[in-house]
Amino acid sequence: MIEIKDIHKSFGDNAVLKGISGKFEEGVTNLIIGGSGSGKTTLLKCMIGLHHPEQGHVYYDGREFTQLNFEERIEIRKEIGMLFQGSALFDSMTVEENIMFPLNMFTTQSKAEKLDRVNFCLERVNLPGKNKLFPAELSGGMKKRVGIARAIAMNPKYLFCDEPNSGLDPKTSIVIDELIKEITEEYKTTTIVVTHDMNSVMGIGDYIMFLYEGKKFWEGSNKEISKTDIAELNDFVFASRFMKAAKGKF
Amino acid sequence: MNFTNFGKYILLLKSVFRRPEKTKIYVKAIFQQMDFIGVGSLGLISIISTFIGAVMTLQIAFQLVSDLIPKTIIGSVNRDSSILELSPTISAIVLAGKIGSAISSEIGTMRVSEQIDALEIMGINAPGYLILPKILAGITMVPVLVIISMVLSIGGGYLGGTLSGAVTASEYIQGITTDFNPYTIVVALTKAFVFGFIITSVPAYEGFYVKGGALEVAQASTRAVVVSCISILACDYLITQLLL
């Protein structure tokens with residue numbers, strides 16, 4: 001479980017996060033949603049230590065993260081897997097080398113054991129046999145799946161996904177969503193997905209936190225979101241005509 | 001580089017010299033960088049050094065019009081100029097353009113495509129993993145290149161001088177072997193060591209803190225070369241004043 005308490009973050013005079021608190025349980029898909037500039041990616045970056053919040057705390061299963069120095073954070077970071085918006089695969093490495101990279105850095109496994117793990121991860125994301133391809137040879141959806149394979153290589157306890165569906169067609173988006181949900185339930189990871197894709201919200205949102213102007217405005221499940229009458233949330237979730245028409249049918 | 005940037009540069013260097021996660025992977029990376037910086041630049045440095053030596057000989061010969069000055073002086077002036085100034089400084093400036101821009105764009109592209117964030121999330125010390133092998137390869141290979149450059153520059157002087165008839169082979173050889181002071185080699189290698197550090201660390205800093213996209217990566221690359229060249233010339237002056 002990951003808990004955040006009273007997170008504040010500003011860039012110059014621009015206060016992006018204004019005291020956000022919440023709990024993200026393990027084994028369920030937790031979604032952070034909100035419009036552009038609402039602070040969802042900043043919140044994610046504060047949680048994983050890429051940004052330093054001015055105030056507030058992040059706890060990983062009770063372990064305080066924000067006050068730790070670089071060396072102390074390493075132990076928690078070894079338990080984190082992250083899927084980036086642009087996949088962030090290492091260009092100069094093959095798919096196999098990308099997935100093997102964290103294993104090379106932090107384990108003492110033999111080459112054969114590492115290769116077995118790589119093949120297992122690739123099969124898990126439905127990309128068997130793609131070991132020797134370079135990221136430039138992959139489609140957007142395949143890159144995301146390799147990103148997921150790399151993220152789960154170290155058996156993470158915590159999985160973060162930043163806009164996993166951006167730039168993907170609807171069918172591939174559903175494949176990625178389902179993969180994230182399956183992995184979360186199978187490995188009991190604490191999964192946090194930052195998204196503004198409404199298919200993801202309605203499809204895999206076990207727990208949803210809605211951010212509005214840097215504050216937590218609403219929280220609940222995908223079943224509850226269709227019944228809410230909060231104007232700001234409805235404007236965001238049911239923005240399109242299609243979603244407005246379909247609202248009562250979820 | 002203003003004081004804020006200089007402070008950030010020092011803090012980055014502090015992160016670079018943290019204990020590596022896995023020495024074996026770093027050693028492999030150091031050899032790859034040594035190949036890129038050293039072997040990859042050998043052709044360019046060889047051509048430049050040979051021509052500079054040849055041109056230097058012709059120019060010295062052109063300026064020595066007095067019959068009172070022996071022609072052997074052409075060899076000794078070319079030798080000392082090559083060892084003390086031309087080989088270390090010209091090589092460093094050429095390498096700042098070739099290696100510096102490559103380092104800055106490589107690290108800058110990794111920054112804007114979130115690859116550096118990915119390293120940090122994995123718990124890897126990104127400055128150490130990306131920059132330390134480059135610095136160690138730089139301070140090792142630039143002195144090697146400078147030694148090769150000295151030899152080729154003096155050799156180029158021989159070729160240029162004898163082919164043009166500006167000096168005879170025996171006069172040139174007598175010149176380069178007379179009154180040789182080995183301390184000049186120490187000065188040159190000190191310069192090469194410092195320049196190797198600048199050529200790798202300054203572009204790495206510029207690339208590491210890029211914000212934006214392709215345009216900013218290109219701007220950082222240009223800035224890396226400019227700042228490296230100015231730093232090389234400033235350090236050249238300082239080292240010369242301190243050691244000679």
# chains A, B, ... in the order shown; residues from 1 in each chain; ligands from 1
call {"tool": "interface_residues", "arguments": {"of": "chain B", "to": "chain A", "cutoff": "10 Å", "atoms": "only C-alpha atoms", "output": "VMD selection string"}}
result
chain B and resid 15 18 20 to 25 109 to 125
call {"tool": "residues_around", "arguments": {"residues": "segment 140-144 of chain A", "least_positions_apart": "3", "cutoff": "7 Å", "atoms": "only C-alpha atoms", "output": "list of chain:residue names"}}
result
A:Ser87, A:Pro135, A:Gly147, A:Ile148, A:Leu168, A:Thr172
call {"tool": "write_last_selection", "arguments": {"atoms": "C-alpha atoms", "output": "mmCIF file, in the first residue's frame"}}
result
data_model
loop_
_atom_site.group_PDB
_atom_site.id
_atom_site.type_symbol
_atom_site.label_atom_id
_atom_site.label_comp_id
_atom_site.auth_asym_id
_atom_site.auth_seq_id
_atom_site.Cartn_x
_atom_site.Cartn_y
_atom_site.Cartn_z
ATOM 1 C CA SER A 87 8.073 4.041 -22.867
ATOM 2 C CA PRO A 135 13.144 -0.016 -29.803
ATOM 3 C CA GLY A 147 8.117 -1.075 -21.085
ATOM 4 C CA ILE A 148 5.761 -3.182 -18.965
ATOM 5 C CA LEU A 168 -2.243 4.285 -29.003
ATOM 6 C CA THR A 172 -4.246 -1.475 -28.354
#
call {"tool": "atom_distance", "arguments": {"atom1": "atom CA of Leu84 of chain B", "atom2": "atom CA of Thr184 of chain B"}}
result
6.1 Å
call {"tool": "residues_around", "arguments": {"residues": "Val226 of chain B", "least_positions_apart": "4", "cutoff": "12 Å", "atoms": "only C-alpha atoms", "output": "list in words"}}
result
Met1, Ile93, Val94, Ala96, Gly97, Gly100, Ser101, Ser104, Ile198, Ile199, Val202, Pro203, Glu206, Gln219, Ala220, Ser221, Thr222, Ile230, Ser231, Ile232 and Leu233 of chain B
call {"tool": "closest_residue", "arguments": {"among": "B:Ile107, B:Val227, B:Val186, B:Ile74", "to": "Ile131 of chain B", "atoms": "only C-alpha atoms"}}
result
B:Ile107
call {"tool": "atom_distance", "arguments": {"atom1": "atom CA of Phe236 of chain A", "atom2": "atom CA of Ile174 of chain A"}}
result
20.2 Å
call {"tool": "closest_residue", "arguments": {"among": "B:Val210, B:Ile69, B:Val194, B:Leu95", "to": "Gly108 of chain B", "atoms": "only C-alpha atoms"}}
result
B:Val210
call {"tool": "select_by_dssp", "arguments": {"residues": "segment 119-209 of chain B", "states": "alpha helix (DSSP H)", "output": "JSON, numbers by chain"}}
result
{"B": [119, 120, 121, 126, 127, 128, 129, 130, 131, 132, 133, 134, 135, 136, 137, 138, 139, 140, 141, 142, 143, 144, 145, 146, 147, 148, 149, 150, 151, 152, 153, 154, 155, 156, 157, 158, 159, 160, 161, 162, 163, 164, 169, 170, 171, 172, 173, 174, 175, 176, 177, 183, 184, 185, 186, 187, 188, 189, 190, 191, 192, 193, 194, 195, 196, 197, 198, 199, 200, 201, 202, 203, 204, 205, 206, 207, 208]}
call {"tool": "residues_around", "arguments": {"residues": "Ser164 of chain B", "least_positions_apart": "6", "cutoff": "12 Å", "atoms": "only C-alpha atoms", "output": "list in words"}}
result
Ala54, Val55, Thr57, Leu58, Gln59, Ala61, Phe62, Gly156, Gly157 and Tyr158 of chain B
call {"tool": "select_by_dssp", "arguments": {"residues": "segment 86-210 of chain A", "states": "strand (DSSP E or B)", "output": "count of residues only"}}
result
15
call {"tool": "residues_around", "arguments": {"residues": "Ile176 of chain A", "least_positions_apart": "2", "cutoff": "12 Å", "atoms": "only C-alpha atoms", "output": "PyMOL selection string"}}
result
chain A and resi 83+124-126+140-149+161+163-166+168-174+178-183+193+199-200+203-204
call {"tool": "residues_around", "arguments": {"residues": "Lys71 of chain B", "least_positions_apart": "3", "cutoff": "9 Å", "atoms": "only C-alpha atoms", "output": "PyMOL selection string"}}
result
chain B and resi 61+64+67+74-75+166-168+171-172+175
call {"tool": "write_last_selection", "arguments": {"atoms": "C-alpha atoms", "output": "CSV table (one decimal), in the first residue's frame"}}
result
chain,number,residue,atom,x,y,z
B,61,ALA,CA,61.3,28.7,-42.1
B,64,LEU,CA,63.8,32.9,-40.2
B,67,ASP,CA,71.8,33.8,-42.0
B,74,ILE,CA,63.3,25.2,-37.2
B,75,GLY,CA,63.1,21.7,-35.8
B,166,ALA,CA,62.8,24.6,-46.4
B,167,VAL,CA,65.1,22.5,-44.2
B,168,THR,CA,67.3,19.4,-44.8
B,171,GLU,CA,69.2,19.9,-39.9
B,172,TYR,CA,65.6,19.1,-38.8
B,175,GLY,CA,67.0,20.5,-34.3
call {"tool": "residues_around", "arguments": {"residues": "Ser153 of chain B", "least_positions_apart": "3", "cutoff": "7 Å", "atoms": "only C-alpha atoms", "output": "list in words"}}
result
Ser49, Thr50, Ile52, Gly53, Ser82, Ser149, Met150, Gly156 and Gly157 of chain B
call {"tool": "write_last_selection", "arguments": {"atoms": "N, CA and C atoms", "output": "PDB file, in the first residue's frame"}}
result
ATOM      1  N   SER B  49      47.166  16.739 -36.904  1.00  0.00           N
ATOM      2  CA  SER B  49      48.499  16.934 -36.312  1.00  0.00           C
ATOM      3  C   SER B  49      49.586  16.946 -37.386  1.00  0.00           C
ATOM      4  N   THR B  50      49.478  16.021 -38.336  1.00  0.00           N
ATOM      5  CA  THR B  50      50.498  15.948 -39.398  1.00  0.00           C
ATOM      6  C   THR B  50      50.532  17.253 -40.199  1.00  0.00           C
ATOM      7  N   ILE B  52      49.370  20.229 -39.281  1.00  0.00           N
ATOM      8  CA  ILE B  52      49.790  21.377 -38.460  1.00  0.00           C
ATOM      9  C   ILE B  52      51.322  21.393 -38.345  1.00  0.00           C
ATOM     10  N   GLY B  53      51.921  20.229 -38.131  1.00  0.00           N
ATOM     11  CA  GLY B  53      53.387  20.138 -38.034  1.00  0.00           C
ATOM     12  C   GLY B  53      54.050  20.618 -39.315  1.00  0.00           C
ATOM     13  N   SER B  82      54.844  22.181 -30.772  1.00  0.00           N
ATOM     14  CA  SER B  82      53.943  21.031 -30.874  1.00  0.00           C
ATOM     15  C   SER B  82      53.681  20.425 -29.506  1.00  0.00           C
ATOM     16  N   SER B 149      49.607  12.780 -31.187  1.00  0.00           N
ATOM     17  CA  SER B 149      49.589  14.042 -31.926  1.00  0.00           C
ATOM     18  C   SER B 149      50.970  14.698 -31.950  1.00  0.00           C
ATOM     19  N   MET B 150      51.676  14.660 -30.803  1.00  0.00           N
ATOM     20  CA  MET B 150      53.026  15.257 -30.733  1.00  0.00           C
ATOM     21  C   MET B 150      53.956  14.583 -31.740  1.00  0.00           C
ATOM     22  N   GLY B 156      55.235  15.378 -39.158  1.00  0.00           N
ATOM     23  CA  GLY B 156      54.661  16.200 -40.227  1.00  0.00           C
ATOM     24  C   GLY B 156      55.578  17.354 -40.578  1.00  0.00           C
ATOM     25  N   GLY B 157      56.215  17.908 -39.540  1.00  0.00           N
ATOM     26  CA  GLY B 157      57.192  18.986 -39.746  1.00  0.00           C
ATOM     27  C   GLY B 157      58.362  18.503 -40.591  1.00  0.00           C
TER      28      GLY B 157
END
call {"tool": "atom_distance", "arguments": {"atom1": "atom CA of Leu44 of chain A", "atom2": "atom CA of Gly27 of chain A"}}
result
18.4 Å
call {"tool": "closest_residue", "arguments": {"among": "B:Met56, B:Leu12, B:Val144, B:Val39", "to": "Leu159 of chain B", "atoms": "only C-alpha atoms"}}
result
B:Met56
call {"tool": "closest_residue", "arguments": {"among": "B:Ser46, B:Ser201, B:Gln241, B:Gln63", "to": "Ala137 of chain B", "atoms": "only C-alpha atoms"}}
result
B:Ser201
